[in-house]
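Trainee: Below are the structure tokens for one structure; questions will follow.
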Amino acid sequence: MAPPPPLPTLLLTTLLSLFSSSTSAPPTTTACRDTCGSTQVKYPFGTGHGCGSPLFSPYVTCGSNGTGDQLFLKSHTGSYPVSSISYTTSTITLSPPSMSTCSSMHPSSTNFGLDWTSPFQIASSTFLLLSCQPPTTSLSSPICDPSFDYLCASLYSCPAVVALGLPLFPPSNTCCVYSPANLDGKGELDLKAMKCGAYASVVSLGDNPTDPTHWVYGVALKYSFGGALDNNYGTTKCSGCESSGGVCGFAPPGNGFVCVCKGGYNTSLDCSTTFNQNQDYVWDSSSANHIFFTSWHVWSPILAGFIFCLV
Ligand SMILES: *[C@@H]1O[C@H](CO)[C@@H](O)[C@H](O)[C@H]1NC(C)=O
Ligand SMILES: *[C@@H]1O[C@H](CO)[C@@H](O)[C@H](O)[C@H]1NC(C)=O
């Protein structure tokens, strides 16, 4: 049996193993990202908890759509992929899986809906209610606008209508253009109550209003932020943070503003202030560990050298 190693060697080995475990690189990816898949993510949106505005964070997150990352808007009725965001017009466009388009039509078994408490409202989308039970609501009900019936005729020229159990070019009294659309008291587009089986929603008719293959499908929503509820973060602190390459977020206590910088640190100002100069460094356990290991990294060879002298 080998004699036990002398105590200084044991210490040294322990130190070296500690040293090697502590040199694993600190995370370089920040908690909050400025893209999600192909979508640019800016305030008030965020890619996860603590990112963007606390008013938006419960409703919008970055998740996987099966092939890649995508932003989703969540509500009590479902989770809807975000197809585009216009930061200049404060508009977000969703492509709900329950929505039909010219190329793909299917009965909608779930209602589209928004949470009343969320900062989103239906914008200028045109809903086309499809496969409705005649006699159609279109002439009798105030919700249908007969002056847009040509849109129904156009959409019913899409071969996909057969998937709704309808013949190609079905009678247009089974379709209703619901514009401007309103959600009901529960925040939902209740197709069953309107006796319709499916819906399409059109954001833009493109160059040729009678060519449904080139319409832009989706549900456009306006979002609002700013003012007292938001502590004016969007207009003041956040723009400085974003222009310095940071991502705006919030943290306890009180969901105060933080600027999440690429270097893996947070500030309450912006990322152009370097770590050493920054008086507002936001401490948390992971950053504290990072500092500890950084100084350990520096000190351990000196300590090891000291122990070598002892040997
Ligand atoms: C999933 O997200 C990626 C990246 O944003 C996008 O390119 C792709 O079209 C999405 N896939 C589906 C099925 O929506
Ligand atoms: C920075 O803030 C984000 C968002 O609140 C948080 O997820 C992350 O853990 C914070 N990072 C550090 C190093 O404090």
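Just so we're on the same page: first chain in the structure tokens is A, next is B, and so on; residues restart at 1 for each chain, and ligands are numbered from 1 in the order they show up.
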How would you write, as a list of chain:residue names, the set of residues in region 52-89 of chain A that DSSP gives as strand (DSSP E or B)?
Mentor: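 Taking region 52-89 of chain A and keeping strand (DSSP E or B) only, one gets A:Val60, A:Thr61, A:Cys62, A:Gly63, A:Ser64, A:Asp69, A:Gln70, A:Leu71, A:Phe72, A:Leu73, A:Lys74, A:Ser75, A:Gly78, A:Ser79, A:Tyr80, A:Pro81, A:Val82, A:Ser83, A:Ser84, A:Ile85, A:Ser86.
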Trainee: Take the residues that were just selected and, keeping N, CA and C atoms, output them as a compact mmCIF listing (two decimals), in the first residue's frame.
Mentor:
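Listed below is the output, part_10.txt:
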```txt
# COMPACT_ATOMS: atom_id res chain seq x y z
N VAL A 60 -46.11 37.55 -23.72
CA VAL A 60 -45.27 37.30 -24.90
C VAL A 60 -43.98 36.62 -24.48
N THR A 61 -43.69 35.46 -25.09
CA THR A 61 -42.43 34.78 -24.78
C THR A 61 -41.86 34.17 -26.05
N CYS A 62 -40.57 33.87 -25.96
CA CYS A 62 -39.90 33.21 -27.08
C CYS A 62 -39.90 31.71 -26.79
N GLY A 63 -40.39 30.93 -27.73
CA GLY A 63 -40.43 29.48 -27.54
C GLY A 63 -40.14 28.78 -28.85
N SER A 64 -40.15 27.47 -28.81
CA SER A 64 -39.87 26.70 -30.03
C SER A 64 -41.17 26.39 -30.76
N ASP A 69 -36.91 28.98 -33.09
CA ASP A 69 -37.49 29.85 -32.07
C ASP A 69 -38.49 30.81 -32.70
N GLN A 70 -39.54 31.07 -31.97
CA GLN A 70 -40.58 31.99 -32.44
C GLN A 70 -41.21 32.67 -31.24
N LEU A 71 -41.62 33.93 -31.44
CA LEU A 71 -42.35 34.62 -30.38
C LEU A 71 -43.79 34.12 -30.38
N PHE A 72 -44.35 33.98 -29.20
CA PHE A 72 -45.74 33.57 -29.05
C PHE A 72 -46.47 34.56 -28.15
N LEU A 73 -47.73 34.83 -28.49
CA LEU A 73 -48.58 35.59 -27.59
C LEU A 73 -49.56 34.62 -26.96
N LYS A 74 -49.59 34.64 -25.63
CA LYS A 74 -50.46 33.71 -24.90
C LYS A 74 -51.72 34.43 -24.43
N SER A 75 -52.83 33.68 -24.47
CA SER A 75 -54.06 34.21 -23.87
C SER A 75 -54.81 33.03 -23.28
N GLY A 78 -55.41 30.35 -26.03
CA GLY A 78 -54.37 29.64 -26.77
C GLY A 78 -53.07 30.41 -26.82
N SER A 79 -52.15 29.86 -27.61
CA SER A 79 -50.83 30.46 -27.77
C SER A 79 -50.64 30.70 -29.27
N TYR A 80 -50.43 31.97 -29.64
CA TYR A 80 -50.45 32.32 -31.05
C TYR A 80 -49.08 32.76 -31.55
N PRO A 81 -48.55 32.11 -32.61
CA PRO A 81 -47.26 32.54 -33.15
C PRO A 81 -47.33 33.99 -33.65
N VAL A 82 -46.30 34.76 -33.35
CA VAL A 82 -46.21 36.15 -33.81
C VAL A 82 -45.49 36.13 -35.16
N SER A 83 -46.17 36.58 -36.22
CA SER A 83 -45.52 36.53 -37.53
C SER A 83 -44.74 37.80 -37.82
N SER A 84 -45.14 38.94 -37.28
CA SER A 84 -44.34 40.15 -37.45
C SER A 84 -44.69 41.17 -36.38
N ILE A 85 -43.74 42.11 -36.19
CA ILE A 85 -43.95 43.22 -35.26
C ILE A 85 -43.55 44.50 -35.98
N SER A 86 -44.40 45.52 -35.94
CA SER A 86 -43.99 46.83 -36.42
C SER A 86 -43.83 47.75 -35.22
```
Trainee: At a cut-off of 6 Å around ligand 1, and using only C-alpha atoms and all ligand atoms, what residues come up? Please write them as a list in words.
Mentor: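 Protein and nucleic-acid residues within 6 Å of ligand 1: Gly37, Ser38, Asn65, Thr67, Gly68, Asp69 and Gln70 of chain A.
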Trainee: Apply DSSP to the structure's backbone, then extract all residues of region 87-262 of chain A labelled alpha helix (DSSP H) and return them as a ChimeraX atom specification.
Mentor: /A:137-140,149-155,237-243
Trainee: Rank nothing, just name the residue among A:Cys259, A:Leu130, A:Cys241, A:Leu269 nearest to ligand 2, using only C-alpha atoms and all ligand atoms.
Mentor: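 The shortest atom-to-atom distance to ligand 2 comes from A:Cys259.
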Trainee: With only C-alpha atoms and all ligand atoms as the atoms that count, which of A:Cys271, A:Ile92, A:Met105, A:Val260 lies nearest to ligand 2?
Mentor: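 Distance minimum relative to ligand 2 lands on A:Val260.
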Trainee: So that I can check the surroundings of Pro119 (chain A), please list as a ChimeraX atom specification every protein, DNA and RNA residue that reaches within 8 Å of it, counting only C-alpha atoms and ignoring chain neighbours fewer than 2 positions away.
Mentor: /A:55-56,116-117,121,223-225
